[in-house]
Each structure stands twice: as structure tokens, then as C-alpha cells.
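Have a look at the structure below before the remarks.
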Amino acid sequence: MKATITHQNKTFQVDLSKPIDISLPLSNTENNPIAWYIEKPQIEPVRFGSWVGSVNGGATTNFNNIFFNPHGHGTHTECLGHITKEFFSINQALKTFFFTAQLISIQPEQQGEDFVITKNQIEKALGNSNPEAIVIRTLPNLEEKKSKNYSHTNPPYLHEEAASFIRESGIQHLLIDLPSVDKEKDEGKLLAHKAFWNVKDVNDLNNDARKNATITELIFVDENVKDGSYLLNLQIASFENDASPSKPILFKLL
């Protein structure tokens with residue numbers, strides 16, 4: 001179904017029948033991606049004595065509890081409350097859900113023992129585009145990203161200067177296929193997070209910190225999706241928490 005959408009005083013045509021889901025599902029299997037040294041999610045029936053919330057167990061409905069961590073168990077969207085002493089909720093930070101987006105593919109550069117996405121790479125890949133959201137697909141784009149245990153693997157990350165450039169470009173929403181925009185073991189510096197949200201002091205928040213900007217991590221963009229301009233629908237669950245599991249959807253602009 002083709003639709004004409006007016007957004008930010010610009011008109012776009014998209015085919016709503018061809019969504020491109022770039023989220024990773026959450027499951028209680030070994031195929032679930034994991035980060036930050038935790039175990040896989042738990043999805044299991046509620047139990048009251050001999051009663052089990054499972055149709056297979058004799059109940060009339062399936063009635064499961066789910067135990068998971070949004071940061072470590074799959075695609076999630078977070079706000080600056082992830083790193084601040086003051087509480088901020090992703091449910092309050094994200095109030096609109098459609099954005100112009102630019103998908104770019106970047107092979108991180110080796111710097112010592114690390115692989116880093118640099119400012120120059122971001123600047124070159126964006127070119128003259130001016131999107132509200134940036135979607136970063138790292139290369140090589142291996143299928144193992146969908147089920148990888150990232151703990152203790154020192155994944156690639158975003159250089160502080162690259163995060164600052166993204167902020168200074170006016171981009172409000174950053175999406176990436178890594179467990180974090182920052183180095184896994186960085187002594188708590190969180191340089192890219194702070195640069196993107198413009199947070200100077202996590203204990204005493206500056207007035208120009210970006211309270212409505214978001215970071216989405218652990219996405220996956222299939223090989224057959226080409227770099228270029230898209231309409232992004234960024235869907236979250238209504239958690240009053242710093243982060244929520246999310247379902248970002250891309251629509252190719254016609």
C-alpha cells in the first residue's frame with residue numbers, strides 16, 4: 001500500500017506494505033543475543049501451587065512471566081536517563097515516532113586492539129544528507145550478530161568525536177548494530193553516550209543536555225537492504241524506565 005506522508009514540511013511517498021524490520025527478537029533460547037555478562041532471558045509460565053499457566057499444562061490460557069534486561073537482551077532504545085543521576089524515562093523522552101533516516105554501512109578502523117567508527121567515516125558516509133536519524137550497519141555484516149554473546153569480546157564502538165559530530169549535525173536518533181556505542185570496558189567513561197546526549201556532568205545535568213534524543217542498540221540490518229534514505233518508525237513499549245525493548249522499522253522512500 002503506497003502512501004503519501006507529510007513530515008517536517010516535506011512530502012514523501014512510501015510503500016507501507018514493505019516494512020523493513022531491523023529489530024532482533026527476544027527469546028529464551030541460546031539464539032538470543034546477549035551482552036553485559038548476563039544469562040539468556042527467561043520466559044516461563046506462572047505457577048500457583050499445582051496450577052501452571054500453560055495450555056499444554058492444562059490451563060485455558062498461556063500466562064507467562066518474562067524476565068529480561070533491555071540493555072543486554074536485544075534491540076532496545078534508551079534515553080539520557082541511562083547515564084544520569086536524575087531519572088528520565090524513554091516513555092517520556094520519545095513522543096513522536098516517525099523520522100527521516102539515513103542508513104550507512106561502515107567498516108570500523110583498527111586502532112590498537114580496538115575497532116572504532118570514526119568521525120571521518122560518519123561524515124563521509126552521510127555526505128550532504130540531513131536526516132533526523134542515523135542507522136549504522138557495521139561491516140562485515142555477519143549473521144552471527146543475531147545470536148552473538150558479546151560479553152568480554154571488546155566489540156567495535158563509536159569514537160567520541162564521531163558521536164559529537166552526529167550531535168552537531170542535528171541528528172536526534174542514533175541506531176547501531178552493536179551492544180553499545182561505547183567501548184565495552186572503558187572504566188565507566190561512556191564518552192560516546194555523553195557526547196551524543198551532550199551530558200557534561202551525570203550528577204548535575206546541564207540545561208542543554210538532549211533530553212529527547214535516543215540511542216538504539218543491537219539492531220540488525222540485512223545485507224539486501226541498501227544504504228540510503230528511509231522513513232523510520234521507531235516503536236517502543238511504554239516502560240517508565242531509561243530504556244525499552246524496541247522495534248525500529250524502515251520504509252524505503254519512493
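Each chain of the C-alpha cells is named A, B, ... in the order shown, its residues numbered from 1; ligands are numbered from 1 in display order.
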
Name the residues in contact with segment 152-167 of chain A at a cut-off of 10 Å, using only C-alpha atoms, excluding same-chain residues fewer than 3 positions from it; report them as a PDB file with N, CA, C and O atoms, in the first residue's frame.
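See selection_12.pdb below for the written result:
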ATOM      1  N   ALA A  35      24.554  -9.428  25.928  1.00  0.00           N
ATOM      2  CA  ALA A  35      25.684  -8.559  26.251  1.00  0.00           C
ATOM      3  C   ALA A  35      25.683  -8.297  27.758  1.00  0.00           C
ATOM      4  O   ALA A  35      24.704  -8.573  28.449  1.00  0.00           O
ATOM      5  N   TRP A  36      26.810  -7.803  28.240  1.00  0.00           N
ATOM      6  CA  TRP A  36      26.938  -7.329  29.617  1.00  0.00           C
ATOM      7  C   TRP A  36      26.817  -8.450  30.649  1.00  0.00           C
ATOM      8  O   TRP A  36      26.278  -8.255  31.733  1.00  0.00           O
ATOM      9  N   TYR A  37      27.340  -9.642  30.282  1.00  0.00           N
ATOM     10  CA  TYR A  37      27.670 -10.684  31.260  1.00  0.00           C
ATOM     11  C   TYR A  37      26.444 -11.294  31.951  1.00  0.00           C
ATOM     12  O   TYR A  37      26.552 -11.839  33.045  1.00  0.00           O
ATOM     13  N   GLN A 107      32.883   0.034   7.923  1.00  0.00           N
ATOM     14  CA  GLN A 107      33.800  -0.951   8.484  1.00  0.00           C
ATOM     15  C   GLN A 107      34.698  -0.249   9.495  1.00  0.00           C
ATOM     16  O   GLN A 107      35.517   0.601   9.131  1.00  0.00           O
ATOM     17  N   PRO A 108      34.537  -0.540  10.788  1.00  0.00           N
ATOM     18  CA  PRO A 108      35.328   0.149  11.811  1.00  0.00           C
ATOM     19  C   PRO A 108      36.830   0.021  11.555  1.00  0.00           C
ATOM     20  O   PRO A 108      37.308  -1.001  11.062  1.00  0.00           O
ATOM     21  N   GLU A 109      37.556   1.082  11.898  1.00  0.00           N
ATOM     22  CA  GLU A 109      39.003   1.119  11.708  1.00  0.00           C
ATOM     23  C   GLU A 109      39.708   0.547  12.934  1.00  0.00           C
ATOM     24  O   GLU A 109      39.309   0.785  14.068  1.00  0.00           O
ATOM     25  N   GLN A 110      40.768  -0.205  12.689  1.00  0.00           N
ATOM     26  CA  GLN A 110      41.529  -0.759  13.798  1.00  0.00           C
ATOM     27  C   GLN A 110      42.423   0.309  14.405  1.00  0.00           C
ATOM     28  O   GLN A 110      43.173   0.997  13.711  1.00  0.00           O
ATOM     29  N   GLU A 113      44.155  -2.423  19.796  1.00  0.00           N
ATOM     30  CA  GLU A 113      43.372  -3.649  19.934  1.00  0.00           C
ATOM     31  C   GLU A 113      41.886  -3.413  19.675  1.00  0.00           C
ATOM     32  O   GLU A 113      41.094  -4.350  19.740  1.00  0.00           O
ATOM     33  N   ASP A 114      41.512  -2.174  19.394  1.00  0.00           N
ATOM     34  CA  ASP A 114      40.105  -1.827  19.215  1.00  0.00           C
ATOM     35  C   ASP A 114      39.759  -1.617  17.754  1.00  0.00           C
ATOM     36  O   ASP A 114      40.634  -1.352  16.911  1.00  0.00           O
ATOM     37  N   PHE A 115      38.452  -1.710  17.448  1.00  0.00           N
ATOM     38  CA  PHE A 115      37.910  -1.338  16.149  1.00  0.00           C
ATOM     39  C   PHE A 115      36.912  -0.208  16.386  1.00  0.00           C
ATOM     40  O   PHE A 115      35.965  -0.356  17.168  1.00  0.00           O
ATOM     41  N   VAL A 116      37.145   0.910  15.725  1.00  0.00           N
ATOM     42  CA  VAL A 116      36.465   2.152  16.070  1.00  0.00           C
ATOM     43  C   VAL A 116      35.817   2.785  14.841  1.00  0.00           C
ATOM     44  O   VAL A 116      36.404   2.814  13.755  1.00  0.00           O
ATOM     45  N   ILE A 117      34.601   3.304  15.019  1.00  0.00           N
ATOM     46  CA  ILE A 117      33.918   4.085  13.987  1.00  0.00           C
ATOM     47  C   ILE A 117      34.297   5.541  14.210  1.00  0.00           C
ATOM     48  O   ILE A 117      34.058   6.100  15.278  1.00  0.00           O
ATOM     49  N   THR A 118      34.888   6.158  13.203  1.00  0.00           N
ATOM     50  CA  THR A 118      35.457   7.483  13.372  1.00  0.00           C
ATOM     51  C   THR A 118      34.553   8.588  12.816  1.00  0.00           C
ATOM     52  O   THR A 118      33.629   8.330  12.036  1.00  0.00           O
ATOM     53  N   LYS A 119      34.863   9.797  13.197  1.00  0.00           N
ATOM     54  CA  LYS A 119      34.144  10.968  12.698  1.00  0.00           C
ATOM     55  C   LYS A 119      34.258  11.063  11.188  1.00  0.00           C
ATOM     56  O   LYS A 119      33.260  11.327  10.488  1.00  0.00           O
ATOM     57  N   ASN A 120      35.452  10.868  10.652  1.00  0.00           N
ATOM     58  CA  ASN A 120      35.644  10.983   9.204  1.00  0.00           C
ATOM     59  C   ASN A 120      34.786   9.979   8.445  1.00  0.00           C
ATOM     60  O   ASN A 120      34.230  10.293   7.380  1.00  0.00           O
ATOM     61  N   GLN A 121      34.659   8.775   8.984  1.00  0.00           N
ATOM     62  CA  GLN A 121      33.836   7.760   8.328  1.00  0.00           C
ATOM     63  C   GLN A 121      32.363   8.174   8.321  1.00  0.00           C
ATOM     64  O   GLN A 121      31.683   8.033   7.303  1.00  0.00           O
ATOM     65  N   ILE A 122      31.882   8.670   9.445  1.00  0.00           N
ATOM     66  CA  ILE A 122      30.489   9.115   9.536  1.00  0.00           C
ATOM     67  C   ILE A 122      30.237  10.291   8.602  1.00  0.00           C
ATOM     68  O   ILE A 122      29.249  10.316   7.853  1.00  0.00           O
ATOM     69  N   GLU A 123      31.143  11.251   8.626  1.00  0.00           N
ATOM     70  CA  GLU A 123      30.982  12.451   7.797  1.00  0.00           C
ATOM     71  C   GLU A 123      30.959  12.099   6.315  1.00  0.00           C
ATOM     72  O   GLU A 123      30.117  12.592   5.548  1.00  0.00           O
ATOM     73  N   LEU A 126      27.612  10.135   5.425  1.00  0.00           N
ATOM     74  CA  LEU A 126      26.407  10.971   5.424  1.00  0.00           C
ATOM     75  C   LEU A 126      26.361  11.901   4.225  1.00  0.00           C
ATOM     76  O   LEU A 126      25.283  12.204   3.709  1.00  0.00           O
ATOM     77  N   ALA A 133      17.518  10.860  11.849  1.00  0.00           N
ATOM     78  CA  ALA A 133      18.045   9.636  12.465  1.00  0.00           C
ATOM     79  C   ALA A 133      19.143   9.061  11.581  1.00  0.00           C
ATOM     80  O   ALA A 133      19.098   9.169  10.353  1.00  0.00           O
ATOM     81  N   ILE A 134      20.120   8.443  12.228  1.00  0.00           N
ATOM     82  CA  ILE A 134      21.186   7.752  11.500  1.00  0.00           C
ATOM     83  C   ILE A 134      21.167   6.288  11.911  1.00  0.00           C
ATOM     84  O   ILE A 134      21.041   5.967  13.098  1.00  0.00           O
ATOM     85  N   THR A 138      27.453  -2.021  10.719  1.00  0.00           N
ATOM     86  CA  THR A 138      28.890  -2.251  10.702  1.00  0.00           C
ATOM     87  C   THR A 138      29.228  -3.424   9.791  1.00  0.00           C
ATOM     88  O   THR A 138      28.451  -4.361   9.627  1.00  0.00           O
ATOM     89  N   ASN A 149      26.986 -13.723  21.650  1.00  0.00           N
ATOM     90  CA  ASN A 149      27.228 -13.344  23.038  1.00  0.00           C
ATOM     91  C   ASN A 149      28.413 -12.373  23.026  1.00  0.00           C
ATOM     92  O   ASN A 149      29.555 -12.769  22.815  1.00  0.00           O
ATOM     93  N   GLY A 170      22.744  17.717  14.150  1.00  0.00           N
ATOM     94  CA  GLY A 170      21.324  17.853  14.433  1.00  0.00           C
ATOM     95  C   GLY A 170      20.563  16.549  14.437  1.00  0.00           C
ATOM     96  O   GLY A 170      19.338  16.531  14.544  1.00  0.00           O
ATOM     97  N   ILE A 171      21.274  15.428  14.332  1.00  0.00           N
ATOM     98  CA  ILE A 171      20.628  14.110  14.338  1.00  0.00           C
ATOM     99  C   ILE A 171      20.152  13.792  15.752  1.00  0.00           C
ATOM    100  O   ILE A 171      20.926  13.857  16.705  1.00  0.00           O
ATOM    101  N   GLN A 172      18.875  13.438  15.867  1.00  0.00           N
ATOM    102  CA  GLN A 172      18.260  13.203  17.169  1.00  0.00           C
ATOM    103  C   GLN A 172      18.271  11.737  17.597  1.00  0.00           C
ATOM    104  O   GLN A 172      18.192  11.428  18.785  1.00  0.00           O
ATOM    105  N   HIS A 173      18.360  10.851  16.617  1.00  0.00           N
ATOM    106  CA  HIS A 173      18.204   9.431  16.929  1.00  0.00           C
ATOM    107  C   HIS A 173      19.317   8.629  16.254  1.00  0.00           C
ATOM    108  O   HIS A 173      19.493   8.696  15.041  1.00  0.00           O
ATOM    109  N   LEU A 174      20.036   7.888  17.064  1.00  0.00           N
ATOM    110  CA  LEU A 174      21.196   7.112  16.627  1.00  0.00           C
ATOM    111  C   LEU A 174      20.882   5.635  16.808  1.00  0.00           C
ATOM    112  O   LEU A 174      20.559   5.182  17.913  1.00  0.00           O
ATOM    113  N   ILE A 176      22.324   1.623  15.945  1.00  0.00           N
ATOM    114  CA  ILE A 176      23.562   0.929  15.619  1.00  0.00           C
ATOM    115  C   ILE A 176      23.421  -0.560  15.919  1.00  0.00           C
ATOM    116  O   ILE A 176      22.661  -0.956  16.811  1.00  0.00           O
ATOM    117  N   ASP A 177      24.159  -1.398  15.183  1.00  0.00           N
ATOM    118  CA  ASP A 177      24.036  -2.851  15.349  1.00  0.00           C
ATOM    119  C   ASP A 177      25.069  -3.427  16.309  1.00  0.00           C
ATOM    120  O   ASP A 177      25.493  -4.579  16.178  1.00  0.00           O
ATOM    121  N   LEU A 178      25.438  -2.664  17.306  1.00  0.00           N
ATOM    122  CA  LEU A 178      26.392  -3.075  18.325  1.00  0.00           C
ATOM    123  C   LEU A 178      25.718  -3.026  19.694  1.00  0.00           C
ATOM    124  O   LEU A 178      24.703  -2.342  19.868  1.00  0.00           O
ATOM    125  N   PRO A 179      26.269  -3.714  20.704  1.00  0.00           N
ATOM    126  CA  PRO A 179      25.645  -3.686  22.030  1.00  0.00           C
ATOM    127  C   PRO A 179      25.769  -2.346  22.733  1.00  0.00           C
ATOM    128  O   PRO A 179      25.031  -2.066  23.675  1.00  0.00           O
ATOM    129  N   SER A 180      26.689  -1.500  22.275  1.00  0.00           N
ATOM    130  CA  SER A 180      26.856  -0.183  22.875  1.00  0.00           C
ATOM    131  C   SER A 180      27.571   0.734  21.894  1.00  0.00           C
ATOM    132  O   SER A 180      28.372   0.279  21.071  1.00  0.00           O
ATOM    133  N   VAL A 181      27.307   2.025  22.002  1.00  0.00           N
ATOM    134  CA  VAL A 181      28.082   2.991  21.216  1.00  0.00           C
ATOM    135  C   VAL A 181      29.458   3.191  21.840  1.00  0.00           C
ATOM    136  O   VAL A 181      30.350   3.766  21.210  1.00  0.00           O
ATOM    137  N   ASP A 182      29.639   2.717  23.071  1.00  0.00           N
ATOM    138  CA  ASP A 182      30.916   2.891  23.761  1.00  0.00           C
ATOM    139  C   ASP A 182      31.693   1.583  23.868  1.00  0.00           C
ATOM    140  O   ASP A 182      31.142   0.489  23.706  1.00  0.00           O
ATOM    141  N   LYS A 183      32.960   1.717  24.163  1.00  0.00           N
ATOM    142  CA  LYS A 183      33.852   0.584  24.385  1.00  0.00           C
ATOM    143  C   LYS A 183      33.321  -0.252  25.550  1.00  0.00           C
ATOM    144  O   LYS A 183      32.833   0.281  26.546  1.00  0.00           O
ATOM    145  N   GLU A 184      33.409  -1.576  25.417  1.00  0.00           N
ATOM    146  CA  GLU A 184      32.843  -2.468  26.430  1.00  0.00           C
ATOM    147  C   GLU A 184      33.434  -2.196  27.812  1.00  0.00           C
ATOM    148  O   GLU A 184      32.694  -2.057  28.798  1.00  0.00           O
ATOM    149  N   LYS A 185      34.740  -2.121  27.901  1.00  0.00           N
ATOM    150  CA  LYS A 185      35.398  -1.878  29.188  1.00  0.00           C
ATOM    151  C   LYS A 185      36.167  -0.561  29.097  1.00  0.00           C
ATOM    152  O   LYS A 185      37.309  -0.525  28.642  1.00  0.00           O
ATOM    153  N   LEU A 190      32.064   6.287  29.270  1.00  0.00           N
ATOM    154  CA  LEU A 190      30.871   6.463  28.436  1.00  0.00           C
ATOM    155  C   LEU A 190      30.964   7.714  27.555  1.00  0.00           C
ATOM    156  O   LEU A 190      30.026   8.502  27.452  1.00  0.00           O
ATOM    157  N   LEU A 191      32.094   7.870  26.893  1.00  0.00           N
ATOM    158  CA  LEU A 191      32.370   9.100  26.157  1.00  0.00           C
ATOM    159  C   LEU A 191      31.400   9.348  25.009  1.00  0.00           C
ATOM    160  O   LEU A 191      30.975  10.483  24.777  1.00  0.00           O
ATOM    161  N   ALA A 192      31.047   8.300  24.264  1.00  0.00           N
ATOM    162  CA  ALA A 192      30.149   8.481  23.125  1.00  0.00           C
ATOM    163  C   ALA A 192      28.729   8.777  23.587  1.00  0.00           C
ATOM    164  O   ALA A 192      28.040   9.630  23.012  1.00  0.00           O
ATOM    165  N   HIS A 193      28.262   8.067  24.613  1.00  0.00           N
ATOM    166  CA  HIS A 193      26.947   8.367  25.171  1.00  0.00           C
ATOM    167  C   HIS A 193      26.870   9.838  25.599  1.00  0.00           C
ATOM    168  O   HIS A 193      25.916  10.558  25.265  1.00  0.00           O
ATOM    169  N   LYS A 194      27.850  10.274  26.360  1.00  0.00           N
ATOM    170  CA  LYS A 194      27.842  11.641  26.875  1.00  0.00           C
ATOM    171  C   LYS A 194      27.928  12.660  25.750  1.00  0.00           C
ATOM    172  O   LYS A 194      27.246  13.698  25.772  1.00  0.00           O
ATOM    173  N   ALA A 195      28.750  12.374  24.742  1.00  0.00           N
ATOM    174  CA  ALA A 195      28.899  13.304  23.624  1.00  0.00           C
ATOM    175  C   ALA A 195      27.604  13.422  22.826  1.00  0.00           C
ATOM    176  O   ALA A 195      27.188  14.524  22.442  1.00  0.00           O
ATOM    177  N   PHE A 196      26.955  12.299  22.569  1.00  0.00           N
ATOM    178  CA  PHE A 196      25.719  12.329  21.780  1.00  0.00           C
ATOM    179  C   PHE A 196      24.604  13.055  22.525  1.00  0.00           C
ATOM    180  O   PHE A 196      23.863  13.851  21.929  1.00  0.00           O
ATOM    181  N   TRP A 197      24.453  12.778  23.824  1.00  0.00           N
ATOM    182  CA  TRP A 197      23.394  13.430  24.601  1.00  0.00           C
ATOM    183  C   TRP A 197      23.813  14.794  25.131  1.00  0.00           C
ATOM    184  O   TRP A 197      23.010  15.482  25.776  1.00  0.00           O
ATOM    185  N   ASN A 198      25.065  15.172  24.905  1.00  0.00           N
ATOM    186  CA  ASN A 198      25.593  16.447  25.395  1.00  0.00           C
ATOM    187  C   ASN A 198      25.471  16.535  26.919  1.00  0.00           C
ATOM    188  O   ASN A 198      25.054  17.557  27.474  1.00  0.00           O
ATOM    189  N   ARG A 210      20.496  16.765  25.804  1.00  0.00           N
ATOM    190  CA  ARG A 210      19.461  16.430  24.808  1.00  0.00           C
ATOM    191  C   ARG A 210      18.496  15.391  25.380  1.00  0.00           C
ATOM    192  O   ARG A 210      18.654  14.183  25.189  1.00  0.00           O
ATOM    193  N   ALA A 213      16.646  13.086  22.681  1.00  0.00           N
ATOM    194  CA  ALA A 213      17.436  12.295  21.742  1.00  0.00           C
ATOM    195  C   ALA A 213      17.525  10.855  22.247  1.00  0.00           C
ATOM    196  O   ALA A 213      17.502  10.603  23.456  1.00  0.00           O
TER     197      ALA A 213
END

**Report entry** All residues 12 Å or closer to Phe88 of chain A, only C-alpha atoms, same chain fewer than 5 positions away omitted, as number ranges by chain
**Finding:** A: 78-83, 93-94, 202, 205, 209-214, 239-243

Take the residues that were just selected and, keeping C-alpha atoms, output them as an mmCIF file, in the first residue's frame.
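Result went into result18.cif, see below:
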data_model
loop_
_atom_site.group_PDB
_atom_site.id
_atom_site.type_symbol
_atom_site.label_atom_id
_atom_site.label_comp_id
_atom_site.auth_asym_id
_atom_site.auth_seq_id
_atom_site.Cartn_x
_atom_site.Cartn_y
_atom_site.Cartn_z
ATOM 1 C CA GLU A 78 17.435 4.337 25.522
ATOM 2 C CA CYS A 79 17.359 7.965 26.627
ATOM 3 C CA LEU A 80 19.886 10.041 28.553
ATOM 4 C CA GLY A 81 18.434 8.609 31.789
ATOM 5 C CA HIS A 82 20.674 5.635 31.057
ATOM 6 C CA ILE A 83 23.671 7.584 32.344
ATOM 7 C CA ALA A 93 11.573 11.241 26.090
ATOM 8 C CA LEU A 94 10.234 9.717 22.863
ATOM 9 C CA VAL A 202 25.868 12.985 35.106
ATOM 10 C CA LEU A 205 22.651 17.871 34.361
ATOM 11 C CA ALA A 209 21.540 18.157 27.506
ATOM 12 C CA ARG A 210 19.461 16.430 24.808
ATOM 13 C CA LYS A 211 16.524 15.026 26.740
ATOM 14 C CA ASN A 212 14.588 13.920 23.658
ATOM 15 C CA ALA A 213 17.436 12.295 21.742
ATOM 16 C CA THR A 214 17.660 8.493 21.718
ATOM 17 C CA PHE A 239 8.151 1.419 30.028
ATOM 18 C CA GLU A 240 8.815 4.122 32.605
ATOM 19 C CA ASN A 241 12.483 3.197 32.519
ATOM 20 C CA ASP A 242 15.656 4.569 30.960
ATOM 21 C CA ALA A 243 15.308 2.017 28.141
#

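Across A:Asn31, A:Ser147, A:Asn141, A:Thr84, the tightest approach to Ser105 of chain A is made by A:Asn141 when counting only C-alpha atoms.
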
**Report entry** Nearest to Val225 of chain A, chosen from A:Lys146, A:His76, A:Lys252, A:Lys124, with only C-alpha atoms counted in the distances
**Finding:** A:Lys252

Requested in this report: Fewer than 2 positions away in the same chain doesn't count, so skip those; otherwise give me all residues within 10 Å of His7 of chain A, counting only C-alpha atoms, as JSON, numbers by chain.
Outcome: {"A": [4, 5, 9, 10, 11, 12, 98, 99, 100, 231]}

Query raised in the report: What is the distance, in Å and to one decimal place, between atom CA of Ser54 of chain A and atom CA of Phe67 of chain A?
Result: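 Straight-line distance from atom CA of Ser54 of chain A to atom CA of Phe67 of chain A works out to 16.9 Å.
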
**Report entry** helix (DSSP H, G or I) call set, DSSP backbone run, segment 156-215 of chain A, as a ChimeraX atom specification
**Finding:** /A:160-168,191-197

Can you write out the residues you just picked, keeping N, CA and C atoms, as a PDB file, in the first residue's frame?
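File written: result01.pdb
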ATOM      1  N   GLU A 160      34.326   9.110  20.374  1.00  0.00           N
ATOM      2  CA  GLU A 160      33.685  10.294  20.974  1.00  0.00           C
ATOM      3  C   GLU A 160      33.499  11.418  19.954  1.00  0.00           C
ATOM      4  N   GLU A 161      34.494  11.637  19.098  1.00  0.00           N
ATOM      5  CA  GLU A 161      34.393  12.704  18.095  1.00  0.00           C
ATOM      6  C   GLU A 161      33.296  12.406  17.082  1.00  0.00           C
ATOM      7  N   ALA A 162      33.093  11.130  16.769  1.00  0.00           N
ATOM      8  CA  ALA A 162      32.027  10.749  15.846  1.00  0.00           C
ATOM      9  C   ALA A 162      30.668  11.018  16.472  1.00  0.00           C
ATOM     10  N   ALA A 163      30.525  10.699  17.761  1.00  0.00           N
ATOM     11  CA  ALA A 163      29.265  10.961  18.462  1.00  0.00           C
ATOM     12  C   ALA A 163      28.993  12.457  18.544  1.00  0.00           C
ATOM     13  N   SER A 164      30.027  13.240  18.776  1.00  0.00           N
ATOM     14  CA  SER A 164      29.869  14.707  18.815  1.00  0.00           C
ATOM     15  C   SER A 164      29.451  15.242  17.455  1.00  0.00           C
ATOM     16  N   PHE A 165      30.046  14.700  16.400  1.00  0.00           N
ATOM     17  CA  PHE A 165      29.685  15.131  15.047  1.00  0.00           C
ATOM     18  C   PHE A 165      28.227  14.814  14.739  1.00  0.00           C
ATOM     19  N   ILE A 166      27.780  13.644  15.132  1.00  0.00           N
ATOM     20  CA  ILE A 166      26.388  13.272  14.912  1.00  0.00           C
ATOM     21  C   ILE A 166      25.465  14.249  15.641  1.00  0.00           C
ATOM     22  N   ARG A 167      25.805  14.574  16.892  1.00  0.00           N
ATOM     23  CA  ARG A 167      25.010  15.546  17.654  1.00  0.00           C
ATOM     24  C   ARG A 167      25.016  16.910  16.979  1.00  0.00           C
ATOM     25  N   GLU A 168      26.190  17.369  16.588  1.00  0.00           N
ATOM     26  CA  GLU A 168      26.312  18.696  15.978  1.00  0.00           C
ATOM     27  C   GLU A 168      25.632  18.769  14.619  1.00  0.00           C
ATOM     28  N   LEU A 191      32.094   7.870  26.893  1.00  0.00           N
ATOM     29  CA  LEU A 191      32.370   9.100  26.157  1.00  0.00           C
ATOM     30  C   LEU A 191      31.400   9.348  25.009  1.00  0.00           C
ATOM     31  N   ALA A 192      31.047   8.300  24.264  1.00  0.00           N
ATOM     32  CA  ALA A 192      30.149   8.481  23.125  1.00  0.00           C
ATOM     33  C   ALA A 192      28.729   8.777  23.587  1.00  0.00           C
ATOM     34  N   HIS A 193      28.262   8.067  24.613  1.00  0.00           N
ATOM     35  CA  HIS A 193      26.947   8.367  25.171  1.00  0.00           C
ATOM     36  C   HIS A 193      26.870   9.838  25.599  1.00  0.00           C
ATOM     37  N   LYS A 194      27.850  10.274  26.360  1.00  0.00           N
ATOM     38  CA  LYS A 194      27.842  11.641  26.875  1.00  0.00           C
ATOM     39  C   LYS A 194      27.928  12.660  25.750  1.00  0.00           C
ATOM     40  N   ALA A 195      28.750  12.374  24.742  1.00  0.00           N
ATOM     41  CA  ALA A 195      28.899  13.304  23.624  1.00  0.00           C
ATOM     42  C   ALA A 195      27.604  13.422  22.826  1.00  0.00           C
ATOM     43  N   PHE A 196      26.955  12.299  22.569  1.00  0.00           N
ATOM     44  CA  PHE A 196      25.719  12.329  21.780  1.00  0.00           C
ATOM     45  C   PHE A 196      24.604  13.055  22.525  1.00  0.00           C
ATOM     46  N   TRP A 197      24.453  12.778  23.824  1.00  0.00           N
ATOM     47  CA  TRP A 197      23.394  13.430  24.601  1.00  0.00           C
ATOM     48  C   TRP A 197      23.813  14.794  25.131  1.00  0.00           C
TER      49      TRP A 197
END

Query raised in the report: Of the residues A:Gly112, A:Gly228, A:Pro41, A:Pro33, which is the one nearest to Ile66 of chain A, using only C-alpha atoms?
Result: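 Using only C-alpha atoms, the shortest distance to Ile66 of chain A belongs to A:Pro41.
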